[in-house]
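**Q** Okay, so here is input.cif, and as you'll see once you scroll down, it has mmCIF, C-alpha atoms and all ligand atoms.
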```
data_coords
#
loop_
_atom_site.label_atom_id
_atom_site.label_comp_id
_atom_site.auth_asym_id
_atom_site.auth_seq_id
_atom_site.Cartn_x
_atom_site.Cartn_y
_atom_site.Cartn_z
CA MET A 9 -0.88 -15.09 -16.63
CA THR A 10 1.80 -13.69 -14.38
CA ASN A 11 2.18 -15.00 -10.88
CA ARG A 12 1.52 -12.04 -8.61
CA ILE A 13 2.88 -12.51 -5.09
CA PRO A 14 0.29 -11.28 -2.58
CA LEU A 15 1.29 -8.27 -0.53
CA MET A 16 0.02 -7.37 2.92
CA ALA A 17 0.97 -3.84 3.91
CA GLY A 18 0.24 -2.31 7.30
CA ASN A 19 -0.22 1.45 7.31
CA TRP A 20 0.40 2.58 10.87
CA LYS A 21 -0.49 6.21 10.09
CA MET A 22 0.60 8.58 12.90
CA ASN A 23 0.77 5.85 15.54
CA LEU A 24 3.59 4.10 17.44
CA ASP A 25 6.85 5.84 18.38
CA HIS A 26 10.21 4.27 17.56
CA GLN A 27 10.28 2.13 20.71
CA GLU A 28 6.75 0.88 20.15
CA ALA A 29 7.70 0.26 16.52
CA ILE A 30 10.51 -2.09 17.52
CA ALA A 31 8.26 -4.05 19.87
CA THR A 32 5.53 -4.27 17.23
CA VAL A 33 7.79 -5.45 14.40
CA GLN A 34 9.49 -7.94 16.71
CA LYS A 35 6.14 -9.37 17.80
CA LEU A 36 4.95 -9.51 14.19
CA ALA A 37 8.08 -11.35 13.07
CA TRP A 38 7.93 -13.83 15.98
CA THR A 39 4.26 -14.53 15.41
CA LEU A 40 4.87 -15.16 11.71
CA LYS A 41 7.87 -17.32 12.53
CA ASP A 42 5.79 -19.46 14.91
CA ALA A 43 3.24 -19.84 12.12
CA LYS A 44 6.09 -20.83 9.73
CA HIS A 45 5.11 -18.01 7.43
CA ASP A 46 6.54 -18.25 3.91
CA TYR A 47 7.47 -14.68 2.97
CA THR A 48 8.12 -15.72 -0.62
CA ALA A 49 4.43 -16.69 -0.83
CA VAL A 50 3.04 -13.56 0.85
CA GLU A 51 5.10 -10.40 1.31
CA VAL A 52 4.60 -8.60 4.61
CA VAL A 53 5.32 -4.88 4.85
CA VAL A 54 4.86 -2.29 7.58
CA LEU A 55 4.63 1.43 6.90
CA PRO A 56 5.65 3.19 10.13
CA PRO A 57 6.01 6.95 10.61
CA PHE A 58 9.27 8.42 9.22
CA THR A 59 10.72 8.80 12.72
CA ASP A 60 10.57 5.02 13.29
CA LEU A 61 12.29 3.94 10.10
CA ARG A 62 15.88 4.00 11.34
CA SER A 63 14.98 1.89 14.38
CA VAL A 64 13.01 -0.56 12.27
CA GLN A 65 15.93 -0.80 9.84
CA THR A 66 18.34 -1.59 12.69
CA LEU A 67 16.02 -4.29 14.02
CA VAL A 68 15.29 -5.87 10.63
CA ASP A 69 18.98 -5.89 9.62
CA GLY A 70 20.25 -6.99 13.03
CA ASP A 71 17.78 -9.84 13.44
CA LYS A 72 17.71 -10.68 9.72
CA LEU A 73 13.93 -10.40 9.60
CA ASP A 74 11.98 -10.98 6.41
CA VAL A 75 9.42 -8.32 7.25
CA LYS A 76 9.82 -5.39 4.86
CA TYR A 77 9.16 -1.79 5.73
CA GLY A 78 8.22 1.36 3.93
CA ALA A 79 7.12 4.96 4.27
CA GLN A 80 3.68 6.55 4.23
CA ASP A 81 4.67 9.39 1.93
CA VAL A 82 7.64 10.93 0.11
CA SER A 83 8.65 14.25 -1.41
CA LYS A 84 8.56 14.67 -5.17
CA HIS A 85 11.81 16.65 -4.87
CA SER A 86 15.23 15.04 -4.75
CA LYS A 87 16.88 17.51 -2.33
CA GLY A 88 17.10 21.14 -1.30
CA ALA A 89 15.07 23.84 0.39
CA TYR A 90 11.86 21.89 1.06
CA THR A 91 11.40 22.19 4.81
CA GLY A 92 9.77 19.18 6.37
CA GLU A 93 10.07 16.96 3.31
CA ILE A 94 11.80 13.57 3.02
CA SER A 95 13.27 12.44 -0.30
CA ALA A 96 13.11 9.05 -1.95
CA THR A 97 16.90 8.73 -1.82
CA MET A 98 16.83 9.32 1.94
CA LEU A 99 14.28 6.54 2.25
CA ALA A 100 16.30 4.23 0.03
CA LYS A 101 19.30 4.75 2.34
CA LEU A 102 17.16 3.47 5.19
CA GLY A 103 16.41 0.27 3.30
CA VAL A 104 12.83 1.26 2.54
CA SER A 105 11.20 -1.02 -0.06
CA TYR A 106 7.76 0.62 -0.43
CA ALA A 107 6.11 4.00 0.01
CA ALA A 108 2.42 4.83 -0.07
CA VAL A 109 1.44 7.75 -2.28
CA GLY A 110 -1.90 9.47 -2.68
CA HIS A 111 -3.43 7.98 0.45
CA SER A 112 -6.91 9.45 0.84
CA GLU A 113 -5.81 11.18 4.07
CA ARG A 114 -2.97 12.89 2.13
CA ARG A 115 -5.40 13.82 -0.64
CA GLU A 116 -7.97 15.19 1.83
CA TYR A 117 -5.78 16.96 4.42
CA HIS A 118 -2.74 17.89 2.32
CA GLY A 119 -4.26 18.58 -1.09
CA GLU A 120 -2.36 15.77 -2.78
CA THR A 121 -3.39 15.60 -6.44
CA ASP A 122 -2.98 12.95 -9.12
CA THR A 123 -0.24 15.07 -10.69
CA LEU A 124 1.69 15.07 -7.42
CA VAL A 125 1.10 11.33 -7.09
CA ASN A 126 2.59 10.90 -10.55
CA ASP A 127 5.67 12.94 -9.61
CA LYS A 128 6.14 10.94 -6.43
CA VAL A 129 5.92 7.61 -8.25
CA ARG A 130 8.67 8.82 -10.60
CA ALA A 131 10.85 9.93 -7.68
CA LEU A 132 10.38 6.62 -5.88
CA SER A 133 11.04 4.55 -8.98
CA ALA A 134 14.30 6.43 -9.58
CA ALA A 135 15.36 5.50 -6.04
CA GLY A 136 14.39 1.84 -6.52
CA ILE A 137 11.40 2.03 -4.18
CA SER A 138 7.98 0.57 -5.03
CA SER A 139 5.03 2.93 -4.81
CA ILE A 140 1.72 1.88 -3.34
CA VAL A 141 -0.56 4.22 -5.24
CA CYS A 142 -3.81 4.70 -3.35
CA VAL A 143 -7.03 5.42 -5.22
CA GLY A 144 -10.70 5.24 -4.36
CA GLU A 145 -13.95 7.14 -4.20
CA GLY A 146 -15.75 8.95 -1.41
CA LEU A 147 -19.29 8.18 -0.30
CA ASP A 148 -20.98 10.77 -2.55
CA VAL A 149 -19.32 9.30 -5.61
CA ARG A 150 -20.25 5.78 -4.57
CA LYS A 151 -23.88 6.83 -3.97
CA ALA A 152 -23.98 8.44 -7.39
CA GLY A 153 -22.82 5.14 -8.92
CA GLU A 154 -19.72 6.84 -10.33
CA HIS A 155 -17.14 4.85 -8.35
CA VAL A 156 -15.63 2.97 -11.28
CA PRO A 157 -15.01 5.93 -13.65
CA TYR A 158 -13.89 8.11 -10.72
CA THR A 159 -11.29 5.58 -9.56
CA LEU A 160 -10.11 4.82 -13.09
CA ALA A 161 -9.55 8.54 -13.69
CA GLN A 162 -7.27 8.61 -10.63
CA VAL A 163 -5.36 5.61 -11.99
CA GLU A 164 -5.07 7.18 -15.43
CA ALA A 165 -3.72 10.50 -14.16
CA GLY A 166 -1.62 9.07 -11.35
CA LEU A 167 0.23 6.75 -13.71
CA ALA A 168 0.17 8.92 -16.87
CA GLY A 169 3.26 8.69 -19.02
CA LEU A 170 5.11 6.17 -16.86
CA THR A 171 7.49 3.82 -18.62
CA ASP A 172 7.38 0.05 -18.33
CA GLU A 173 10.36 0.24 -16.01
CA GLN A 174 8.63 2.78 -13.76
CA LEU A 175 5.42 0.75 -13.77
CA ALA A 176 7.34 -2.31 -12.66
CA THR A 177 7.70 -0.69 -9.23
CA VAL A 178 4.03 0.25 -8.88
CA VAL A 179 1.43 -1.43 -6.69
CA ILE A 180 -2.10 0.01 -6.66
CA ALA A 181 -4.33 0.05 -3.59
CA TYR A 182 -8.05 0.51 -4.10
CA GLU A 183 -9.33 2.09 -0.92
CA PRO A 184 -12.90 3.38 -1.00
CA VAL A 185 -12.71 6.39 1.31
CA TRP A 186 -16.00 5.50 3.01
CA ALA A 187 -14.47 2.19 4.14
CA ILE A 188 -11.26 3.58 5.66
CA GLY A 189 -11.20 3.48 9.44
CA THR A 190 -15.00 3.29 9.56
CA GLY A 191 -15.51 -0.42 10.15
CA GLU A 192 -17.51 -0.32 6.90
CA VAL A 193 -15.95 -2.87 4.53
CA ALA A 194 -16.67 -2.97 0.84
CA THR A 195 -18.13 -6.37 0.00
CA PRO A 196 -15.65 -8.64 -1.77
CA GLU A 197 -17.84 -8.20 -4.86
CA ASP A 198 -17.64 -4.39 -4.60
CA ALA A 199 -13.86 -4.58 -4.25
CA GLN A 200 -13.53 -7.05 -7.12
CA GLU A 201 -15.71 -4.88 -9.37
CA VAL A 202 -13.42 -1.88 -9.06
CA ILE A 203 -10.14 -3.79 -8.88
CA GLY A 204 -11.10 -5.81 -11.96
CA ALA A 205 -11.88 -2.53 -13.73
CA ILE A 206 -8.49 -1.11 -12.67
CA ARG A 207 -6.78 -4.13 -14.20
CA GLY A 208 -8.73 -3.60 -17.40
CA LYS A 209 -7.68 0.05 -17.36
CA LEU A 210 -4.00 -0.92 -17.04
CA ALA A 211 -4.36 -3.16 -20.10
CA GLU A 212 -5.96 -0.33 -22.07
CA GLN A 213 -3.60 2.43 -20.91
CA PHE A 214 -0.39 0.36 -21.01
CA SER A 215 -0.45 -3.31 -22.01
CA GLN A 216 -1.88 -6.68 -21.07
CA ASP A 217 1.50 -7.55 -19.61
CA VAL A 218 1.41 -4.56 -17.25
CA ALA A 219 -2.18 -5.45 -16.31
CA ASP A 220 -1.23 -9.06 -15.58
CA ARG A 221 1.79 -8.32 -13.47
CA THR A 222 0.66 -5.27 -11.44
CA ARG A 223 -0.48 -6.08 -7.94
CA ILE A 224 -3.70 -4.42 -6.87
CA LEU A 225 -4.61 -4.38 -3.19
CA TYR A 226 -7.86 -3.67 -1.38
CA GLY A 227 -7.89 -1.36 1.65
CA GLY A 228 -10.67 -0.35 4.01
CA SER A 229 -11.39 -1.94 7.40
CA VAL A 230 -9.63 -5.22 6.56
CA LYS A 231 -9.46 -7.58 9.55
CA SER A 232 -8.59 -11.23 10.08
CA SER A 233 -12.32 -11.98 10.04
CA ASN A 234 -12.91 -10.62 6.52
CA VAL A 235 -9.55 -10.98 4.75
CA ALA A 236 -10.07 -14.53 3.45
CA GLU A 237 -13.20 -13.68 1.46
CA ILE A 238 -11.54 -10.57 0.06
CA MET A 239 -8.43 -12.51 -0.95
CA ALA A 240 -10.58 -15.15 -2.65
CA LYS A 241 -11.41 -12.68 -5.43
CA PRO A 242 -9.34 -13.23 -8.57
CA ASP A 243 -8.01 -9.71 -9.08
CA ILE A 244 -7.25 -8.87 -5.45
CA ASP A 245 -3.56 -9.35 -4.67
CA GLY A 246 -3.38 -8.28 -1.06
CA ALA A 247 -4.48 -5.64 1.39
CA LEU A 248 -3.48 -2.24 2.69
CA VAL A 249 -4.44 -2.42 6.34
CA GLY A 250 -4.71 0.55 8.68
CA GLY A 251 -6.07 0.11 12.21
CA ALA A 252 -5.74 -3.67 12.36
CA SER A 253 -2.03 -3.51 11.47
CA LEU A 254 -1.24 -1.86 14.83
CA ASP A 255 -1.88 -5.18 16.55
CA PRO A 256 0.94 -7.47 15.40
CA GLU A 257 -0.90 -10.71 16.19
CA GLU A 258 -3.97 -9.58 14.26
CA PHE A 259 -1.82 -8.34 11.37
CA ALA A 260 0.03 -11.67 11.29
CA LYS A 261 -3.34 -13.42 10.97
CA ILE A 262 -4.30 -11.08 8.15
CA ALA A 263 -1.01 -11.79 6.41
CA ARG A 264 -1.89 -15.46 6.55
CA PHE A 265 -5.50 -14.80 5.40
CA GLN A 266 -6.86 -16.44 8.56
C1 LIG A 301 -5.74 2.76 5.42
O1 LIG A 301 -5.51 3.69 6.14
O2 LIG A 301 -5.09 2.63 4.38
C2 LIG A 301 -6.80 1.82 5.81
C3 LIG A 301 -7.22 0.96 4.95
O3 LIG A 301 -7.28 1.93 7.10
P1 LIG A 301 -8.27 0.92 7.86
O4 LIG A 301 -7.78 -0.48 7.59
O5 LIG A 301 -8.17 1.29 9.30
O6 LIG A 301 -9.63 1.13 7.29
#
```
Let me see the file written as structure tokens.
Ligand code: PEP

**A**
Amino acid sequence: MTNRIPLMAGNWKMNLDHQEAIATVQKLAWTLKDAKHDYTAVEVVVLPPFTDLRSVQTLVDGDKLDVKYGAQDVSKHSKGAYTGEISATMLAKLGVSYAAVGHSERREYHGETDTLVNDKVRALSAAGISSIVCVGEGLDVRKAGEHVPYTLAQVEAGLAGLTDEQLATVVIAYEPVWAIGTGEVATPEDAQEVIGAIRGKLAEQFSQDVADRTRILYGGSVKSSNVAEIMAKPDIDGALVGGASLDPEEFAKIARFQ
């Protein structure tokens, strides 16, 4: 069984300008330093808005911080006449390690499909950036008891045809839409049920090796008060944290599962 290093990723969404970003990352890094956080044991990543990335890069490089940073989205295109888009190579130049793709807010408000997710994963992998592929069902699907097949279909299509090398840069985040930003957390058992099924799907679609080494996160109203029980589940390798990641002291506690 492969040793999967837990990953705690903070999705800031459209919050915090570049000055606030610097203060937040600094506070996060200091808090983790005071707690003697071992970044090799738990990776800590923030996903600020695009406009903050250059400032965060300067801070992280200048102060030699171990906090990693990433983007919340990426273009599937490599360059050209795509107004408003940001390419994976541009992100790589800014030292970005991760990018979220297929977040439920992108799926809902920007029509992002599994096919587009697949294209974005390929673009990110080619630029050496890890994708955090977000999947998860809405409330209707959950109520209908269809949450497992629904989520597995997103995994299947989002990762279709990827090579072993491309899959090596993929992290999956199971985020039931009804639990995002609502204060409604899936029970650890609910999260484990779907995340365990996703791991089984990876074994079936690719190989046991891919299933064993791919990190699968839970996302949806994670806080310091509920993270420990979520992380206690065998298939859950970390969390994608929205609201609570805007408070660096709270996010540091989450990163330490306290
Ligand atoms: C998210 O946006 O990915 C998320 C999980 O948000 P929250 O933690 O606020 O529910």

**Q** Please, what distance in Å, to one decimal, runs between atom CA of A:Ile180 and atom CA of A:Leu61?

**A**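 Distance reported for this atom pair: 22.4 Å.
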
**Q** Measuring between only C-alpha atoms, which one of A:Val149, A:Val125, A:Ile244, A:Ile262 shows the shortest distance to A:Glu164?

**A**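 Smallest distance to A:Glu164 is found for A:Val125.
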
**Q** Stretch 124-129 of chain A, all listed atoms, 3 Å padding on each side: what axis-aligned box centre and edge lengths in Å to one decimal come out, as JSON?

**A**
```
{"center_x": 3.6, "center_y": 11.3, "center_z": -8.5, "size_x": 11.0, "size_y": 13.5, "size_z": 10.1}
```

**Q** Do you have, as a Markdown table, the list of residues of stretch 150-240 of chain A lying at most 9 Å from stretch 106-118 of chain A, each with its nearest atom pair and that distance in Å to one decimal, counting all atoms listed in the file and ordered by chain then number?

**A**
```
| residue | atom | partner | partner_atom | distance |
| --- | --- | --- | --- | --- |
| A:Gly166 | CA | A:Gly110 | CA | 8.7 |
| A:Thr177 | CA | A:Tyr106 | CA | 8.9 |
| A:Ala181 | CA | A:His111 | CA | 8.9 |
| A:Glu183 | CA | A:Ser112 | CA | 7.9 |
| A:Pro184 | CA | A:Ser112 | CA | 8.7 |
| A:Val185 | CA | A:Ser112 | CA | 6.6 |
| A:Ile188 | CA | A:Ser112 | CA | 8.8 |
```

**Q** Residues within 7 Å of ligand LIG 301 (chain A) should be enumerated using all atoms listed in the file and returned as a list in words.

**A**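 What falls inside 7 Å of ligand LIG 301 (chain A) is Asn19, Lys21, His111, Glu183, Ala187, Ile188, Gly189, Thr190, Gly191, Gly227, Gly228, Ser229, Val230, Leu248, Val249, Gly250, Gly251 and Ala252 of chain A.
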
**Q** Do you have the atom CA of A:Ala37-atom CA of A:Leu73 distance handy?

**A**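 Computing it gives 6.9 Å between the two atoms.
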
**Q** N, CA and C atoms are what I want for stretch 253-266 of chain A; can you complete it accordingly and write them as a compact mmCIF listing (two decimals), keeping the file's coordinate frame?

**A**
```txt
# COMPACT_ATOMS: atom_id res chain seq x y z
N SER A 253 -3.46 -3.20 11.58
CA SER A 253 -2.03 -3.51 11.47
C SER A 253 -1.26 -3.06 12.72
N LEU A 254 -1.92 -2.31 13.60
CA LEU A 254 -1.24 -1.86 14.83
C LEU A 254 -1.14 -2.99 15.85
N ASP A 255 -1.94 -4.01 15.68
CA ASP A 255 -1.88 -5.18 16.55
C ASP A 255 -1.12 -6.26 15.79
N PRO A 256 0.12 -6.57 16.20
CA PRO A 256 0.94 -7.47 15.40
C PRO A 256 0.37 -8.88 15.25
N GLU A 257 -0.34 -9.36 16.30
CA GLU A 257 -0.90 -10.71 16.19
C GLU A 257 -2.05 -10.72 15.18
N GLU A 258 -2.86 -9.69 15.23
CA GLU A 258 -3.97 -9.58 14.26
C GLU A 258 -3.41 -9.40 12.84
N PHE A 259 -2.38 -8.56 12.71
CA PHE A 259 -1.82 -8.34 11.37
C PHE A 259 -1.17 -9.63 10.83
N ALA A 260 -0.56 -10.40 11.72
CA ALA A 260 0.03 -11.67 11.29
C ALA A 260 -1.07 -12.61 10.78
N LYS A 261 -2.22 -12.58 11.44
CA LYS A 261 -3.34 -13.42 10.97
C LYS A 261 -3.81 -12.95 9.60
N ILE A 262 -3.88 -11.63 9.44
CA ILE A 262 -4.30 -11.08 8.15
C ILE A 262 -3.32 -11.51 7.07
N ALA A 263 -2.05 -11.44 7.40
CA ALA A 263 -1.01 -11.79 6.41
C ALA A 263 -1.12 -13.25 6.00
N ARG A 264 -1.72 -14.04 6.86
CA ARG A 264 -1.89 -15.46 6.55
C ARG A 264 -3.32 -15.77 6.10
N PHE A 265 -4.09 -14.72 5.86
CA PHE A 265 -5.50 -14.80 5.40
C PHE A 265 -6.34 -15.67 6.34
N GLN A 266 -6.09 -15.57 7.66
CA GLN A 266 -6.86 -16.44 8.56
C GLN A 266 -7.85 -15.62 9.38
```
